[in-house]
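Engineer: So that we are looking at the same thing, I have put the structure below in structure tokens.
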Amino acid sequence: MNKTLIKALADLHIHSTHSDGKTSPKEIIYTAQYKGLNIISITDHNTFTGSVEALKYAKNLEEELIVIVGSEVRTDYGDILVYCHEPINTPHRLDILIDYAHENNCLVVPAHPFDIYRMGIGDKIFDYKEWDAIETWNASSDPRSNKKALEAAKLLGLPGLANSDAHIPDYIGCAYTVIEIEDYSVESVFRAIKQKRTHPHPGYPPFRAFFKKMFWSVKRRLGS
């Protein structure tokens, strides 16, 4: 008898105060839970620190929330999301990063690949066959870039992920992926992605959230 799969809601691209996000890992945990998410990854730039800190808070929750250790790595060709069981070293040369991540049982996913303003890798995506999925929707990218990412995923036969790329709490979960998991574990999430049991749900935040993010970005750059 086949085991009934759990349809879990995932946002696997969130930034915290450990890079350029406004929100602490603790606040991200509680915001994600409030918004009905079951799986998250805090993917701060070139560090796993935010997601590792979030794991500590997730252990005290009454309801299940899977926190995947993640990072958005700036490579020589653009940004790559790396999802792991535990932190690893992250080489910045793309080919080495892909091999090393897989050697350590991590997943590699191009972030907003066709958004040139956000350091997407562009057509370089077609030079590698080792991707585990593609971020086919990023709530901070323009529709044209997202459409090209979806087309690339179809051409390469890869599963798609929809993520918020949240830098403020209002963005968390505005785009998400339904992942059909067997149980609440990182292993089950990774297995589901590899087996293409993902259903991206595109979305953008409301206008007020967009302006909040713009205000936050300006404030952060001014150092106030």
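Every chain in the structure tokens takes a letter, A first, then B, and so on in the order presented; its residues are numbered from 1, and the ligands are numbered from 1 following the presented order.
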I'd like to know which residues of segment 16-204 of chain A are strand (DSSP E) (by DSSP, run on the backbone); could you write them as a PyMOL selection string?

Structural biologist: chain A and resi 39-42+66-67+69-74+79-84+107-110+134-138+160-163+176-181+198-201

Engineer: Need to verify the contact set: Cys84 of chain A, 8 Å, only C-alpha atoms, exclusion of same-chain residues closer than 6 positions in sequence. Can you return it as number ranges by chain?

Structural biologist: A: 68-70, 101, 104-107

Engineer: Kindly indicate which residue among A:Leu94, A:Ile172, A:Ile39, A:Val82 lies nearest to Pro206 of chain A, using only C-alpha atoms for the distances.

Structural biologist: A:Ile172

Engineer: If you run DSSP on the backbone here, which positions in segment 28-222 of chain A get helix (DSSP H, G or I)? Please write them as a PyMOL selection string.

Structural biologist: chain A and resi 28-34+49-58+94-103+116-118+122-127+143-156+169-171+186-194+207-222

Engineer: Could the residues of segment 40-65 of chain A that have an atom at most 9 Å from segment 2-23 of chain A be listed as a tab-separated table, each with its closest atom pair and the distance in Å to one decimal, counting only C-alpha atoms and ordered by chain and ascending residue number?

Structural biologist:
residue	atom	partner	partner_atom	distance
A:Ile40	CA	A:Asp11	CA	5.0
A:Ser41	CA	A:Leu12	CA	4.5
A:Ile42	CA	A:Ile14	CA	4.7
A:Thr43	CA	A:Ile14	CA	5.5
A:Asp44	CA	A:His15	CA	5.0
A:His45	CA	A:Ser19	CA	5.8
A:Asn46	CA	A:Ser19	CA	8.4
A:Thr47	CA	A:His18	CA	7.9
A:Phe48	CA	A:His18	CA	8.8
A:Thr49	CA	A:His18	CA	6.8
A:Gly50	CA	A:His18	CA	5.6
A:Ser51	CA	A:Ser16	CA	8.7

Engineer: If you keep N, CA and C atoms, can you produce a file of those selected residues as a compact mmCIF listing (two decimals), in the first residue's frame?

Structural biologist:
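Produced file part-v9.txt, reproduced below:
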# COMPACT_ATOMS: atom_id res chain seq x y z
N ILE A 40 11.22 25.80 5.26
CA ILE A 40 11.91 27.04 4.86
C ILE A 40 13.40 26.79 4.78
N SER A 41 14.06 27.68 4.07
CA SER A 41 15.52 27.73 4.11
C SER A 41 15.93 29.19 4.15
N ILE A 42 16.73 29.55 5.14
CA ILE A 42 17.32 30.88 5.19
C ILE A 42 18.63 30.81 4.41
N THR A 43 18.66 31.53 3.30
CA THR A 43 19.78 31.41 2.36
C THR A 43 20.54 32.72 2.29
N ASP A 44 21.19 33.06 3.38
CA ASP A 44 21.97 34.30 3.40
C ASP A 44 23.15 34.20 2.44
N HIS A 45 23.65 35.35 2.03
CA HIS A 45 24.71 35.40 1.03
C HIS A 45 26.03 34.87 1.59
N ASN A 46 26.48 33.77 0.97
CA ASN A 46 27.79 33.19 1.28
C ASN A 46 27.97 32.78 2.74
N THR A 47 26.88 32.46 3.42
CA THR A 47 26.97 31.97 4.79
C THR A 47 25.75 31.11 5.13
N PHE A 48 25.99 30.08 5.95
CA PHE A 48 24.90 29.23 6.45
C PHE A 48 24.46 29.65 7.84
N THR A 49 25.03 30.71 8.38
CA THR A 49 24.82 31.07 9.78
C THR A 49 23.36 31.32 10.12
N GLY A 50 22.64 32.00 9.24
CA GLY A 50 21.23 32.31 9.51
C GLY A 50 20.38 31.07 9.65
N SER A 51 20.57 30.11 8.77
CA SER A 51 19.77 28.89 8.83
C SER A 51 20.17 28.02 10.01

Engineer: Env of segment 137-150 of chain A: 7 Å cut, atoms = only C-alpha atoms, seq-sep filter 3 positions within chain, self excluded. Answer as an MDAnalysis selection string.

Structural biologist: chainID A and resid 112:115 153:154 161:165 175 202:204

Engineer: When you look at Ile98 of chain A with a cut-off of 12 Å (counting only C-alpha atoms), what residues show up, excluding the ones that are within fewer than 4 positions of it in the same chain? I need them as a list in words.

Structural biologist: Val73, Thr75, Ile80, Leu81, Val82, Tyr83, Asn89, Thr90, Pro91, His92, Arg93, Leu94, His102, Glu103, Asn104, Asn105, Cys106, Leu107, Val108, Val109, Pro110, Tyr128, Lys129, Glu130, Trp131 and Asp132 of chain A

Engineer: Which is closer to Ile88 of chain A than all the others in A:Ala111, A:Val52, A:Pro25, A:Thr31, using only C-alpha atoms?

Structural biologist: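 Ranked by minimum distance to Ile88 of chain A, first place goes to A:Val52.
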
Engineer: Find, counting only C-alpha atoms, the residue in A:Glu53, A:Glu135, A:Asp123, A:Asp183 that gets nearest to Thr198 of chain A.

Structural biologist: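 Among the listed residues, the smallest separation from Thr198 of chain A belongs to A:Glu135.
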
Engineer: Just give me the gap between atom CA of Cys174 of chain A and atom CA of Glu86 of chain A in Å, one decimal is fine.

Structural biologist: 26.6 Å

Engineer: Point out the residue among A:Asp99, A:Glu72, A:Glu64, A:Glu180 with the least atom-to-atom distance to Leu37 of chain A, counting only C-alpha atoms.

Structural biologist: A:Glu64

Engineer: Skipping near chain neighbours, those fewer than 6 positions away, what residues fall within 12 Å of Phe215 of chain A using only C-alpha atoms, listed as a list in words?

Structural biologist: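 Listing them by chain and then by number gives Lys22, His167, Ile168, Arg208, Ala209, Arg221, Leu222 and Ser224 of chain A.
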
Engineer: Between A:Arg191, A:Lys212, A:Arg220, A:Lys59, which has the minimum distance to Tyr171 of chain A (counting only C-alpha atoms)?

Structural biologist: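 Closest residue, counting only C-alpha atoms: A:Lys212.
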
Engineer: Under the rule that only C-alpha atoms are counted, which of A:Tyr184, A:Tyr117, A:Tyr34, A:Phe126 is the nearest residue to Gly157 of chain A?

Structural biologist: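 Nearest candidate to Gly157 of chain A out of A:Tyr184, A:Tyr117, A:Tyr34, A:Phe126: A:Phe126.
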